[in-house]
Amino acid sequence: MTKVIGVRFRAAGKIYYFDPAGLDIKTGDHVIVETARGIEYGHVVLGSREVADDKVVQPLKQVIRMATEEDRAVEARNKEKEKEAFKICLEKIRKRGLEMKLIDAEYTFDNNKVLFYFTADGRIDFRELVKDLAAVFKTRIELRQVGVRDETKILGGIGICGRTLCCHSYLSEFIPVSIKMAKEQNLSLNPSKISGVCGRLMCCLKNEEETYHMLNSRLPGTGDYVTTDDGLKGEVQSVNVLRQLVKVLVTVNRDEKEIREYRVEQLKFKPRKKKEKQKDNQNSQGGDKNSHAELKALEALEKKEGKSKLS
């Protein structure tokens, strides 16, 4: 076991482990640490604790010191300088006529480097821009191209649920999501309904996937034939996944048909076998062809996006 603390350098950013170096560090404290980018000012989100050795990337760097009032003042000045750096970079981009969207500017704590985050449709030759910026700031310049998910994580916003975006408030890493998760939860496959502010599939599709997968595995599928506990046979018309209720069209009094609702425990049926390919064909034939094409494009973008490039 290794004693560590967990530190973040931006809101909802990745958590990095550091050696507390014998200091009494608690959650909520601020520390000065050395990273691959240089000396940084970090927020402690995990107080001193022991974790398994295989969870720690060696060599584990030690905390330099607890942040002082002077350090906090330096960090506040850096935040102000970042606003000015953003304006300057924006102006230089316009002068160069580059097809790129500037998202954020960030100073390292020791002012050894200025990072500029941007999005663009393709590769951008920004070598001349780097020279322009280096001439102004007299320090190392890094331009980092990020995806639309990272852009949304930095800028933040409000989701269709009315709450602050998950990626901006607490998600450290982007979780892989797929169209299959929306199907599992019986959601509308309209791309505008299941896409987030970033234009990609909503991260929250993952939140209840495991529960829905378990609940769905206990239910028959629509169109399946079942036998009820009162001796009737019928075809499943609809299912209520959360309540675990099934509506069945049964035949009573010879030719008279009636829809009755049963708890899943009252039914006998063969284990549900999902035929994803068949479902996809039904969706493409029964639904809007444009929506189906959009879903395919959305799924392709998900695979292309990759991991977050934010620290």
# chains A, B, ... in the order shown; residues from 1 in each chain; ligands from 1

call {"tool": "residues_around", "arguments": {"residues": "Asp53 (chain A)", "least_positions_apart": "6", "cutoff": "12 Å", "atoms": "only C-alpha atoms", "output": "list in words"}}
result
Met1, Thr2, Lys3, Val4, Tyr17, Pro59 and Leu60 of chain A

call {"tool": "write_last_selection", "arguments": {"atoms": "C-alpha atoms", "output": "tab-separated table (two decimals), in the first residue's frame"}}
result
chain	number	residue	atom	x	y	z
A	1	MET	CA	0.00	0.00	0.00
A	2	THR	CA	1.14	3.54	-0.78
A	3	LYS	CA	0.11	6.70	1.06
A	4	VAL	CA	-1.16	9.37	-1.34
A	17	TYR	CA	-1.81	11.14	-6.93
A	59	PRO	CA	7.74	7.42	-9.47
A	60	LEU	CA	5.31	9.23	-7.16

call {"tool": "select_by_dssp", "arguments": {"residues": "region 23-254 of chain A", "states": "strand (DSSP E)", "output": "MDAnalysis selection string"}}
result
chainID A and resid 30:35 38:51 63:66 101:107 113:119 140:145 225:228 233:240 245:252

call {"tool": "select_by_dssp", "arguments": {"residues": "region 98-287 of chain A", "states": "helix (DSSP H, G or I)", "output": "CSV table (one decimal) with all heavy atoms, in the first residue's frame"}}
result
chain,number,residue,atom,x,y,z
A,127,ARG,N,2.2,27.2,-36.7
A,127,ARG,CA,3.6,27.5,-36.3
A,127,ARG,C,3.9,29.0,-36.3
A,127,ARG,O,4.6,29.5,-35.4
A,127,ARG,CB,4.5,26.8,-37.3
A,127,ARG,CG,4.6,25.3,-37.1
A,127,ARG,CD,5.4,24.6,-38.3
A,127,ARG,NE,4.7,24.7,-39.5
A,127,ARG,CZ,5.2,24.2,-40.7
A,127,ARG,NH1,6.3,23.5,-40.6
A,127,ARG,NH2,4.5,24.3,-41.8
A,128,GLU,N,3.3,29.7,-37.2
A,128,GLU,CA,3.5,31.2,-37.2
A,128,GLU,C,2.8,31.8,-36.0
A,128,GLU,O,3.3,32.8,-35.5
A,128,GLU,CB,3.1,31.8,-38.5
A,128,GLU,CG,3.9,31.4,-39.7
A,128,GLU,CD,5.4,31.7,-39.6
A,128,GLU,OE1,5.7,32.8,-39.1
A,128,GLU,OE2,6.2,30.8,-39.9
A,129,LEU,N,1.7,31.3,-35.7
A,129,LEU,CA,0.9,31.8,-34.5
A,129,LEU,C,1.7,31.6,-33.2
A,129,LEU,O,1.7,32.5,-32.4
A,129,LEU,CB,-0.4,31.1,-34.4
A,129,LEU,CG,-1.3,31.4,-33.2
A,129,LEU,CD1,-1.7,32.9,-33.3
A,129,LEU,CD2,-2.6,30.5,-33.2
A,130,VAL,N,2.4,30.5,-33.1
A,130,VAL,CA,3.2,30.2,-31.9
A,130,VAL,C,4.3,31.2,-31.8
A,130,VAL,O,4.6,31.8,-30.7
A,130,VAL,CB,3.8,28.8,-32.0
A,130,VAL,CG1,4.8,28.6,-30.9
A,130,VAL,CG2,2.7,27.7,-31.8
A,131,LYS,N,4.9,31.6,-32.9
A,131,LYS,CA,6.0,32.6,-32.9
A,131,LYS,C,5.4,33.9,-32.5
A,131,LYS,O,6.1,34.7,-31.7
A,131,LYS,CB,6.6,32.7,-34.3
A,131,LYS,CG,7.4,31.5,-34.8
A,131,LYS,CD,7.9,31.6,-36.2
A,131,LYS,CE,8.6,30.4,-36.7
A,131,LYS,NZ,9.1,30.5,-38.1
A,132,ASP,N,4.2,34.3,-33.0
A,132,ASP,CA,3.6,35.6,-32.6
A,132,ASP,C,3.4,35.6,-31.1
A,132,ASP,O,3.7,36.6,-30.5
A,132,ASP,CB,2.3,35.7,-33.4
A,132,ASP,CG,2.4,35.9,-34.9
A,132,ASP,OD1,3.6,36.2,-35.3
A,132,ASP,OD2,1.4,35.8,-35.6
A,133,LEU,N,2.9,34.5,-30.6
A,133,LEU,CA,2.5,34.5,-29.2
A,133,LEU,C,3.8,34.5,-28.3
A,133,LEU,O,3.8,35.1,-27.2
A,133,LEU,CB,1.7,33.3,-28.9
A,133,LEU,CG,0.3,33.2,-29.5
A,133,LEU,CD1,-0.4,31.9,-29.3
A,133,LEU,CD2,-0.6,34.4,-29.0
A,134,ALA,N,4.8,33.8,-28.7
A,134,ALA,CA,6.1,33.7,-28.0
A,134,ALA,C,6.7,35.1,-27.9
A,134,ALA,O,7.3,35.5,-26.9
A,134,ALA,CB,7.0,32.7,-28.6
A,135,ALA,N,6.6,35.9,-29.0
A,135,ALA,CA,7.1,37.2,-29.0
A,135,ALA,C,6.4,38.1,-28.0
A,135,ALA,O,7.0,39.0,-27.5
A,135,ALA,CB,7.0,37.8,-30.4
A,136,VAL,N,5.1,37.9,-27.8
A,136,VAL,CA,4.4,38.7,-26.9
A,136,VAL,C,4.6,38.3,-25.4
A,136,VAL,O,4.9,39.1,-24.5
A,136,VAL,CB,2.8,38.6,-27.2
A,136,VAL,CG1,2.0,39.3,-26.1
A,136,VAL,CG2,2.5,39.2,-28.6
A,137,PHE,N,4.5,37.0,-25.1
A,137,PHE,CA,4.5,36.5,-23.7
A,137,PHE,C,5.9,36.1,-23.2
A,137,PHE,O,6.1,35.9,-22.0
A,137,PHE,CB,3.6,35.3,-23.6
A,137,PHE,CG,2.1,35.6,-23.9
A,137,PHE,CD1,1.5,35.1,-25.1
A,137,PHE,CD2,1.4,36.3,-23.0
A,137,PHE,CE1,0.2,35.4,-25.3
A,137,PHE,CE2,0.1,36.6,-23.3
A,137,PHE,CZ,-0.5,36.2,-24.5
A,148,VAL,N,-14.9,18.3,-29.2
A,148,VAL,CA,-16.1,19.1,-28.7
A,148,VAL,C,-16.5,18.7,-27.3
A,148,VAL,O,-17.0,19.5,-26.6
A,148,VAL,CB,-17.2,18.9,-29.7
A,148,VAL,CG1,-17.0,19.6,-31.0
A,148,VAL,CG2,-17.6,17.4,-29.9
A,149,ARG,N,-16.2,17.5,-26.9
A,149,ARG,CA,-16.5,17.1,-25.5
A,149,ARG,C,-15.7,17.9,-24.5
A,149,ARG,O,-16.1,18.4,-23.5
A,149,ARG,CB,-16.3,15.6,-25.3
A,149,ARG,CG,-17.4,14.7,-25.8
A,149,ARG,CD,-17.2,13.3,-25.3
A,149,ARG,NE,-18.2,12.4,-25.8
A,149,ARG,CZ,-19.4,12.2,-25.3
A,149,ARG,NH1,-19.8,12.9,-24.3
A,149,ARG,NH2,-20.2,11.3,-25.8
A,150,ASP,N,-14.4,18.0,-24.8
A,150,ASP,CA,-13.5,18.8,-24.0
A,150,ASP,C,-13.9,20.3,-24.0
A,150,ASP,O,-13.8,21.0,-22.9
A,150,ASP,CB,-12.0,18.7,-24.5
A,150,ASP,CG,-11.3,17.4,-24.0
A,150,ASP,OD1,-11.8,16.9,-22.9
A,150,ASP,OD2,-10.4,16.9,-24.6
A,151,GLU,N,-14.3,20.8,-25.1
A,151,GLU,CA,-14.7,22.2,-25.2
A,151,GLU,C,-15.9,22.4,-24.3
A,151,GLU,O,-15.9,23.4,-23.5
A,151,GLU,CB,-15.2,22.5,-26.7
A,151,GLU,CG,-15.8,23.9,-26.9
A,151,GLU,CD,-16.4,24.1,-28.2
A,151,GLU,OE1,-16.3,23.2,-29.1
A,151,GLU,OE2,-16.9,25.2,-28.5
A,152,THR,N,-16.9,21.5,-24.3
A,152,THR,CA,-18.1,21.6,-23.4
A,152,THR,C,-17.7,21.5,-22.0
A,152,THR,O,-18.2,22.2,-21.1
A,152,THR,CB,-19.1,20.6,-23.8
A,152,THR,OG1,-19.4,20.7,-25.2
A,152,THR,CG2,-20.4,20.8,-23.1
A,153,LYS,N,-16.7,20.6,-21.7
A,153,LYS,CA,-16.2,20.4,-20.3
A,153,LYS,C,-15.6,21.7,-19.8
A,153,LYS,O,-15.8,22.1,-18.6
A,153,LYS,CB,-15.2,19.3,-20.3
A,153,LYS,CG,-14.7,18.9,-18.9
A,153,LYS,CD,-13.7,17.8,-18.9
A,153,LYS,CE,-13.3,17.4,-17.6
A,153,LYS,NZ,-14.3,16.7,-16.8
A,154,ILE,N,-14.9,22.4,-20.6
A,154,ILE,CA,-14.2,23.7,-20.2
A,154,ILE,C,-15.3,24.8,-20.0
A,154,ILE,O,-15.3,25.5,-19.0
A,154,ILE,CB,-13.2,24.1,-21.2
A,154,ILE,CG1,-12.0,23.2,-21.2
A,154,ILE,CG2,-12.7,25.5,-20.9
A,154,ILE,CD1,-11.0,23.4,-22.3
A,155,LEU,N,-16.1,25.0,-21.0
A,155,LEU,CA,-17.1,26.1,-21.0
A,155,LEU,C,-18.3,25.9,-20.1
A,155,LEU,O,-18.8,26.9,-19.6
A,155,LEU,CB,-17.6,26.4,-22.5
A,155,LEU,CG,-16.5,26.7,-23.5
A,155,LEU,CD1,-17.1,26.9,-24.9
A,155,LEU,CD2,-15.7,28.0,-23.1
A,166,CYS,N,-22.8,17.3,-16.5
A,166,CYS,CA,-22.0,16.4,-15.7
A,166,CYS,C,-20.5,16.5,-15.9
A,166,CYS,O,-19.7,16.5,-15.0
A,166,CYS,CB,-22.4,14.9,-16.1
A,166,CYS,SG,-24.2,14.6,-15.8
A,167,CYS,N,-20.1,16.7,-17.2
A,167,CYS,CA,-18.7,16.8,-17.5
A,167,CYS,C,-18.0,18.0,-16.9
A,167,CYS,O,-16.8,18.0,-16.6
A,167,CYS,CB,-18.5,16.8,-19.0
A,167,CYS,SG,-19.3,18.2,-19.9
A,168,HIS,N,-18.8,19.0,-16.7
A,168,HIS,CA,-18.3,20.3,-16.1
A,168,HIS,C,-18.3,20.3,-14.6
A,168,HIS,O,-17.5,21.0,-14.0
A,168,HIS,CB,-19.1,21.5,-16.7
A,168,HIS,CG,-18.5,22.8,-16.2
A,168,HIS,ND1,-17.3,23.3,-16.7
A,168,HIS,CD2,-19.0,23.8,-15.4
A,168,HIS,CE1,-17.1,24.5,-16.2
A,168,HIS,NE2,-18.1,24.8,-15.4
A,169,SER,N,-19.2,19.5,-14.0
A,169,SER,CA,-19.4,19.5,-12.6
A,169,SER,C,-18.7,18.4,-11.8
A,169,SER,O,-18.2,18.6,-10.7
A,169,SER,CB,-20.9,19.5,-12.2
A,169,SER,OG,-21.5,18.4,-12.8
A,179,ILE,N,-25.2,3.9,-28.8
A,179,ILE,CA,-26.6,3.9,-29.2
A,179,ILE,C,-27.3,2.7,-28.5
A,179,ILE,O,-28.5,2.8,-28.1
A,179,ILE,CB,-26.8,3.7,-30.7
A,179,ILE,CG1,-26.1,4.9,-31.5
A,179,ILE,CG2,-28.3,3.7,-31.1
A,179,ILE,CD1,-26.7,6.2,-31.3
A,180,LYS,N,-26.6,1.7,-28.2
A,180,LYS,CA,-27.2,0.5,-27.6
A,180,LYS,C,-27.7,0.8,-26.2
A,180,LYS,O,-28.7,0.3,-25.8
A,180,LYS,CB,-26.1,-0.6,-27.5
A,180,LYS,CG,-26.6,-1.9,-26.8
A,180,LYS,CD,-25.5,-2.9,-26.7
A,180,LYS,CE,-25.9,-4.2,-26.0
A,180,LYS,NZ,-24.8,-5.1,-25.8
A,181,MET,N,-27.1,1.8,-25.5
A,181,MET,CA,-27.5,2.2,-24.2
A,181,MET,C,-28.9,2.8,-24.2
A,181,MET,O,-29.7,2.7,-23.4
A,181,MET,CB,-26.5,3.1,-23.5
A,181,MET,CG,-25.2,2.4,-23.2
A,181,MET,SD,-24.0,3.6,-22.5
A,181,MET,CE,-22.5,2.6,-22.5
A,182,ALA,N,-29.1,3.6,-25.3
A,182,ALA,CA,-30.4,4.3,-25.5
A,182,ALA,C,-31.5,3.3,-25.8
A,182,ALA,O,-32.6,3.4,-25.3
A,182,ALA,CB,-30.3,5.3,-26.6
A,183,LYS,N,-31.1,2.3,-26.6
A,183,LYS,CA,-32.1,1.2,-26.9
A,183,LYS,C,-32.5,0.4,-25.7
A,183,LYS,O,-33.6,0.1,-25.5
A,183,LYS,CB,-31.5,0.3,-28.0
A,183,LYS,CG,-31.3,0.9,-29.3
A,183,LYS,CD,-30.7,-0.1,-30.3
A,183,LYS,CE,-30.4,0.6,-31.6
A,183,LYS,NZ,-29.6,-0.4,-32.5
A,184,GLU,N,-31.5,0.1,-24.9
A,184,GLU,CA,-31.7,-0.6,-23.6
A,184,GLU,C,-32.7,0.1,-22.7
A,184,GLU,O,-33.5,-0.6,-22.0
A,184,GLU,CB,-30.3,-0.8,-22.9
A,184,GLU,CG,-30.4,-1.7,-21.7
A,184,GLU,CD,-30.2,-3.2,-22.1
A,184,GLU,OE1,-29.2,-3.5,-22.6
A,184,GLU,OE2,-31.2,-3.9,-21.8
A,191,PRO,N,-31.8,11.6,-32.8
A,191,PRO,CA,-30.5,12.2,-32.3
A,191,PRO,C,-30.6,13.4,-31.4
A,191,PRO,O,-29.8,13.6,-30.5
A,191,PRO,CB,-29.7,12.5,-33.6
A,191,PRO,CG,-30.3,11.5,-34.6
A,191,PRO,CD,-31.8,11.4,-34.2
A,192,SER,N,-31.6,14.3,-31.7
A,192,SER,CA,-31.7,15.5,-31.0
A,192,SER,C,-32.1,15.3,-29.5
A,192,SER,O,-31.9,16.1,-28.6
A,192,SER,CB,-32.7,16.5,-31.6
A,192,SER,OG,-34.0,15.9,-31.7
A,193,LYS,N,-32.7,14.1,-29.3
A,193,LYS,CA,-33.2,13.7,-27.9
A,193,LYS,C,-32.2,13.1,-27.1
A,193,LYS,O,-32.3,13.2,-25.8
A,193,LYS,CB,-34.4,12.8,-28.1
A,193,LYS,CG,-35.6,13.3,-28.9
A,193,LYS,CD,-36.5,14.2,-28.0
A,193,LYS,CE,-37.8,14.5,-28.8
A,193,LYS,NZ,-38.6,15.4,-28.1
A,194,ILE,N,-31.2,12.4,-27.7
A,194,ILE,CA,-30.2,11.7,-26.9
A,194,ILE,C,-28.8,12.3,-27.0
A,194,ILE,O,-27.8,11.7,-26.5
A,194,ILE,CB,-30.2,10.2,-27.3
A,194,ILE,CG1,-29.9,10.0,-28.8
A,194,ILE,CG2,-31.5,9.5,-26.9
A,194,ILE,CD1,-29.7,8.6,-29.2
A,203,CYS,N,-23.6,11.7,-21.8
A,203,CYS,CA,-22.8,10.9,-20.9
A,203,CYS,C,-23.8,10.2,-19.9
A,203,CYS,O,-23.5,9.1,-19.5
A,203,CYS,CB,-21.9,11.8,-20.1
A,203,CYS,SG,-20.6,12.5,-21.1
A,204,CYS,N,-24.9,10.8,-19.6
A,204,CYS,CA,-25.8,10.2,-18.6
A,204,CYS,C,-26.5,8.9,-19.0
A,204,CYS,O,-27.1,8.3,-18.3
A,204,CYS,CB,-26.8,11.2,-18.1
A,204,CYS,SG,-27.8,11.9,-19.4
A,205,LEU,N,-26.4,8.6,-20.3
A,205,LEU,CA,-26.9,7.3,-20.8
A,205,LEU,C,-26.3,6.2,-20.1
A,205,LEU,O,-26.9,5.1,-20.0
A,205,LEU,CB,-26.7,7.2,-22.3
A,205,LEU,CG,-27.5,8.1,-23.3
A,205,LEU,CD1,-27.1,7.9,-24.7
A,205,LEU,CD2,-29.0,7.8,-23.1
A,206,LYS,N,-25.1,6.4,-19.6
A,206,LYS,CA,-24.3,5.3,-19.0
A,206,LYS,C,-24.8,5.1,-17.5
A,206,LYS,O,-24.7,4.0,-17.0
A,206,LYS,CB,-22.8,5.7,-18.9
A,206,LYS,CG,-21.9,4.6,-18.2
A,206,LYS,CD,-21.8,3.3,-19.0
A,206,LYS,CE,-20.8,2.4,-18.3
A,206,LYS,NZ,-20.8,1.1,-19.0
A,209,GLU,N,-27.6,2.4,-17.2
A,209,GLU,CA,-27.5,1.3,-18.2
A,209,GLU,C,-27.5,-0.1,-17.5
A,209,GLU,O,-28.2,-1.0,-17.9
A,209,GLU,CB,-26.2,1.4,-19.0
A,209,GLU,CG,-26.2,0.4,-20.1
A,209,GLU,CD,-24.8,-0.2,-20.4
A,209,GLU,OE1,-23.8,0.2,-19.6
A,209,GLU,OE2,-24.6,-1.0,-21.3
A,210,GLU,N,-26.7,-0.2,-16.4
A,210,GLU,CA,-26.5,-1.5,-15.7
A,210,GLU,C,-27.9,-1.9,-15.1
A,210,GLU,O,-28.3,-3.1,-15.2
A,210,GLU,CB,-25.5,-1.3,-14.6
A,210,GLU,CG,-25.1,-2.7,-14.0
A,210,GLU,CD,-24.0,-2.5,-13.0
A,210,GLU,OE1,-23.2,-1.6,-13.1
A,210,GLU,OE2,-23.9,-3.3,-12.0
A,211,THR,N,-28.6,-1.0,-14.5
A,211,THR,CA,-29.9,-1.3,-13.9
A,211,THR,C,-30.9,-1.7,-15.0
A,211,THR,O,-31.6,-2.7,-14.8
A,211,THR,CB,-30.5,0.0,-13.1
A,211,THR,OG1,-29.5,0.3,-12.1
A,211,THR,CG2,-31.8,-0.3,-12.5
A,212,TYR,N,-31.0,-1.0,-16.1
A,212,TYR,CA,-31.9,-1.3,-17.1
A,212,TYR,C,-31.5,-2.7,-17.7
A,212,TYR,O,-32.4,-3.5,-18.1
A,212,TYR,CB,-31.9,-0.3,-18.2
A,212,TYR,CG,-32.9,0.8,-18.0
A,212,TYR,CD1,-32.6,2.0,-17.3
A,212,TYR,CD2,-34.2,0.7,-18.4
A,212,TYR,CE1,-33.5,3.0,-17.0
A,212,TYR,CE2,-35.2,1.7,-18.2
A,212,TYR,CZ,-34.8,2.9,-17.5
A,212,TYR,OH,-35.7,3.8,-17.3
A,213,HIS,N,-30.3,-3.0,-17.9
A,213,HIS,CA,-29.8,-4.2,-18.4
A,213,HIS,C,-30.3,-5.4,-17.6
A,213,HIS,O,-30.8,-6.4,-18.1
A,213,HIS,CB,-28.3,-4.3,-18.5
A,213,HIS,CG,-27.8,-5.5,-19.2
A,213,HIS,ND1,-27.9,-5.8,-20.5
A,213,HIS,CD2,-27.2,-6.6,-18.6
A,213,HIS,CE1,-27.3,-7.0,-20.8
A,213,HIS,NE2,-26.9,-7.5,-19.6
A,214,MET,N,-30.2,-5.2,-16.2
A,214,MET,CA,-30.7,-6.3,-15.3
A,214,MET,C,-32.2,-6.4,-15.4
A,214,MET,O,-32.7,-7.5,-15.4
A,214,MET,CB,-30.2,-5.9,-13.9
A,214,MET,CG,-30.6,-6.9,-12.8
A,214,MET,SD,-32.2,-6.6,-12.1
A,214,MET,CE,-31.8,-5.1,-11.2
A,215,LEU,N,-32.9,-5.3,-15.3
A,215,LEU,CA,-34.4,-5.3,-15.4
A,215,LEU,C,-34.9,-5.9,-16.7
A,215,LEU,O,-35.8,-6.7,-16.7
A,215,LEU,CB,-34.9,-3.9,-15.1
A,215,LEU,CG,-34.7,-3.3,-13.7
A,215,LEU,CD1,-35.2,-1.9,-13.7
A,215,LEU,CD2,-35.4,-4.1,-12.7
A,216,ASN,N,-34.3,-5.5,-17.8
A,216,ASN,CA,-34.7,-6.0,-19.1
A,216,ASN,C,-34.5,-7.5,-19.2
A,216,ASN,O,-35.3,-8.2,-19.9
A,216,ASN,CB,-34.0,-5.3,-20.2
A,216,ASN,CG,-34.6,-3.9,-20.6
A,216,ASN,OD1,-35.9,-3.8,-20.5
A,216,ASN,ND2,-33.8,-3.0,-20.9
A,217,SER,N,-33.4,-8.0,-18.6
A,217,SER,CA,-33.1,-9.4,-18.7
A,217,SER,C,-34.2,-10.3,-18.1
A,217,SER,O,-34.3,-11.5,-18.4
A,217,SER,CB,-31.8,-9.7,-18.1
A,217,SER,OG,-31.8,-9.5,-16.7
A,264,VAL,N,-44.2,-9.7,-13.7
A,264,VAL,CA,-43.4,-10.6,-14.4
A,264,VAL,C,-43.3,-12.0,-13.8
A,264,VAL,O,-43.1,-13.0,-14.4
A,264,VAL,CB,-41.9,-10.0,-14.6
A,264,VAL,CG1,-41.2,-9.9,-13.3
A,264,VAL,CG2,-41.1,-10.8,-15.6
A,265,GLU,N,-43.4,-12.0,-12.4
A,265,GLU,CA,-43.4,-13.3,-11.7
A,265,GLU,C,-44.6,-14.2,-12.0
A,265,GLU,O,-44.6,-15.4,-11.8
A,265,GLU,CB,-43.3,-13.1,-10.2
A,265,GLU,CG,-42.2,-12.2,-9.7
A,265,GLU,CD,-42.7,-10.7,-9.7
A,265,GLU,OE1,-43.7,-10.4,-9.1
A,265,GLU,OE2,-41.9,-9.9,-10.3
A,266,GLN,N,-45.7,-13.6,-12.6
A,266,GLN,CA,-46.9,-14.4,-12.9
A,266,GLN,C,-46.8,-15.0,-14.3
A,266,GLN,O,-47.8,-15.7,-14.7
A,266,GLN,CB,-48.1,-13.4,-12.8
A,266,GLN,CG,-48.4,-12.9,-11.4
A,266,GLN,CD,-49.5,-11.9,-11.5
A,266,GLN,OE1,-49.4,-10.7,-11.8
A,266,GLN,NE2,-50.7,-12.4,-11.1
A,276,GLU,N,-29.9,-7.9,-31.7
A,276,GLU,CA,-29.7,-6.5,-32.0
A,276,GLU,C,-29.7,-6.1,-33.5
A,276,GLU,O,-30.2,-5.1,-33.9
A,276,GLU,CB,-28.3,-6.1,-31.5
A,276,GLU,CG,-28.2,-6.1,-29.9
A,276,GLU,CD,-29.1,-5.2,-29.3
A,276,GLU,OE1,-29.4,-4.1,-29.9
A,276,GLU,OE2,-29.5,-5.4,-28.1
A,277,LYS,N,-29.2,-7.1,-34.3
A,277,LYS,CA,-29.2,-6.8,-35.7
A,277,LYS,C,-30.6,-6.7,-36.3
A,277,LYS,O,-30.9,-5.8,-37.1
A,277,LYS,CB,-28.5,-8.0,-36.4
A,277,LYS,CG,-28.0,-7.6,-37.8
A,277,LYS,CD,-27.1,-8.7,-38.3
A,277,LYS,CE,-26.5,-8.2,-39.7
A,277,LYS,NZ,-25.5,-9.2,-40.2
A,278,GLN,N,-31.5,-7.6,-35.8
A,278,GLN,CA,-32.9,-7.5,-36.2
A,278,GLN,C,-33.6,-6.2,-35.7
A,278,GLN,O,-34.3,-5.6,-36.5
A,278,GLN,CB,-33.7,-8.7,-35.6
A,278,GLN,CG,-35.1,-8.8,-36.1
A,278,GLN,CD,-35.8,-10.1,-35.5
A,278,GLN,OE1,-35.1,-11.0,-35.1
A,278,GLN,NE2,-37.1,-10.1,-35.5
A,279,LYS,N,-33.3,-5.8,-34.5
A,279,LYS,CA,-33.8,-4.5,-34.0
A,279,LYS,C,-33.3,-3.3,-34.8
A,279,LYS,O,-34.1,-2.4,-35.1
A,279,LYS,CB,-33.4,-4.3,-32.5
A,279,LYS,CG,-34.2,-5.2,-31.6
A,279,LYS,CD,-33.8,-4.8,-30.2
A,279,LYS,CE,-34.7,-5.6,-29.2
A,279,LYS,NZ,-34.3,-5.2,-27.8
A,280,ASP,N,-32.1,-3.4,-35.2
A,280,ASP,CA,-31.5,-2.3,-36.0
A,280,ASP,C,-32.3,-2.2,-37.3
A,280,ASP,O,-32.6,-1.1,-37.8
A,280,ASP,CB,-30.0,-2.5,-36.2
A,280,ASP,CG,-29.2,-2.2,-35.0
A,280,ASP,OD1,-29.8,-1.5,-34.1
A,280,ASP,OD2,-28.1,-2.6,-34.9
A,281,ASN,N,-32.5,-3.3,-38.0
A,281,ASN,CA,-33.2,-3.4,-39.2
A,281,ASN,C,-34.6,-2.8,-39.1
A,281,ASN,O,-35.1,-2.1,-39.9
A,281,ASN,CB,-33.3,-4.8,-39.8
A,281,ASN,CG,-32.0,-5.3,-40.2
A,281,ASN,OD1,-31.1,-4.5,-40.6
A,281,ASN,ND2,-31.8,-6.6,-40.3
A,282,GLN,N,-35.3,-3.2,-38.0
A,282,GLN,CA,-36.7,-2.7,-37.7
A,282,GLN,C,-36.6,-1.2,-37.5
A,282,GLN,O,-37.5,-0.5,-38.0
A,282,GLN,CB,-37.2,-3.3,-36.5
A,282,GLN,CG,-37.6,-4.8,-36.7
A,282,GLN,CD,-38.0,-5.5,-35.4
A,282,GLN,OE1,-37.9,-4.9,-34.3
A,282,GLN,NE2,-38.5,-6.7,-35.5
A,283,ASN,N,-35.6,-0.7,-36.8
A,283,ASN,CA,-35.6,0.8,-36.6
A,283,ASN,C,-35.3,1.5,-37.9
A,283,ASN,O,-35.9,2.6,-38.1
A,283,ASN,CB,-34.4,1.1,-35.6
A,283,ASN,CG,-34.8,0.7,-34.2
A,283,ASN,OD1,-35.9,0.7,-33.8
A,283,ASN,ND2,-33.8,0.3,-33.4
A,284,SER,N,-34.5,1.0,-38.8
A,284,SER,CA,-34.1,1.6,-40.0
A,284,SER,C,-35.3,1.6,-41.0
A,284,SER,O,-35.5,2.5,-41.8
A,284,SER,CB,-32.9,1.0,-40.7
A,284,SER,OG,-33.1,-0.3,-41.0
A,285,GLN,N,-36.1,0.5,-40.9
A,285,GLN,CA,-37.2,0.4,-41.8
A,285,GLN,C,-38.4,1.2,-41.3
A,285,GLN,O,-39.1,1.9,-42.0
A,285,GLN,CB,-37.6,-1.1,-42.0
A,285,GLN,CG,-36.6,-1.9,-42.8
A,285,GLN,CD,-36.8,-3.3,-42.7
A,285,GLN,OE1,-37.8,-3.8,-42.2
A,285,GLN,NE2,-35.8,-4.1,-43.1
A,286,GLY,N,-38.7,1.1,-40.0
A,286,GLY,CA,-39.9,1.7,-39.4
A,286,GLY,C,-39.7,3.2,-39.1
A,286,GLY,O,-40.6,4.0,-39.0

call {"tool": "residues_around", "arguments": {"residues": "region 108-114 of chain A", "least_positions_apart": "2", "cutoff": "10 Å", "atoms": "only C-alpha atoms", "output": "count of residues only"}}
result
30

call {"tool": "closest_residue", "arguments": {"among": "A:Leu232, A:Val44, A:Met100, A:Val250", "to": "Arg10 (chain A)", "atoms": "only C-alpha atoms"}}
result
A:Val44

call {"tool": "residues_around", "arguments": {"residues": "Ser238 (chain A)", "least_positions_apart": "2", "cutoff": "12 Å", "atoms": "only C-alpha atoms", "output": "PyMOL selection string"}}
result
chain A and resi 186+219-225+235-236+240-241+244-249+259-262+264

call {"tool": "closest_residue", "arguments": {"among": "A:Glu173, A:Lys309, A:Tyr16, A:Ala21", "to": "Gln58 (chain A)", "atoms": "only C-alpha atoms"}}
result
A:Tyr16

call {"tool": "closest_residue", "arguments": {"among": "A:Ile25, A:Val252, A:Leu102, A:Ile5", "to": "Val146 (chain A)", "atoms": "only C-alpha atoms"}}
result
A:Leu102

call {"tool": "atom_distance", "arguments": {"atom1": "CA of Thr119 (chain A)", "atom2": "CA of Ile160 (chain A)"}}
result
23.7 Å

call {"tool": "closest_residue", "arguments": {"among": "A:Phe9, A:Lys61, A:Ala67, A:Pro20", "to": "His43 (chain A)", "atoms": "only C-alpha atoms"}}
result
A:Phe9

call {"tool": "closest_residue", "arguments": {"among": "A:Arg65, A:Lys26, A:Lys296, A:Arg200", "to": "Phe174 (chain A)", "atoms": "only C-alpha atoms"}}
result
A:Arg200

call {"tool": "atom_distance", "arguments": {"atom1": "CA of Leu189 (chain A)", "atom2": "CA of Glu208 (chain A)"}}
result
16.7 Å

call {"tool": "closest_residue", "arguments": {"among": "A:Thr227, A:Asn253, A:Gln145, A:Thr164", "to": "Lys270 (chain A)", "atoms": "only C-alpha atoms"}}
result
A:Thr227
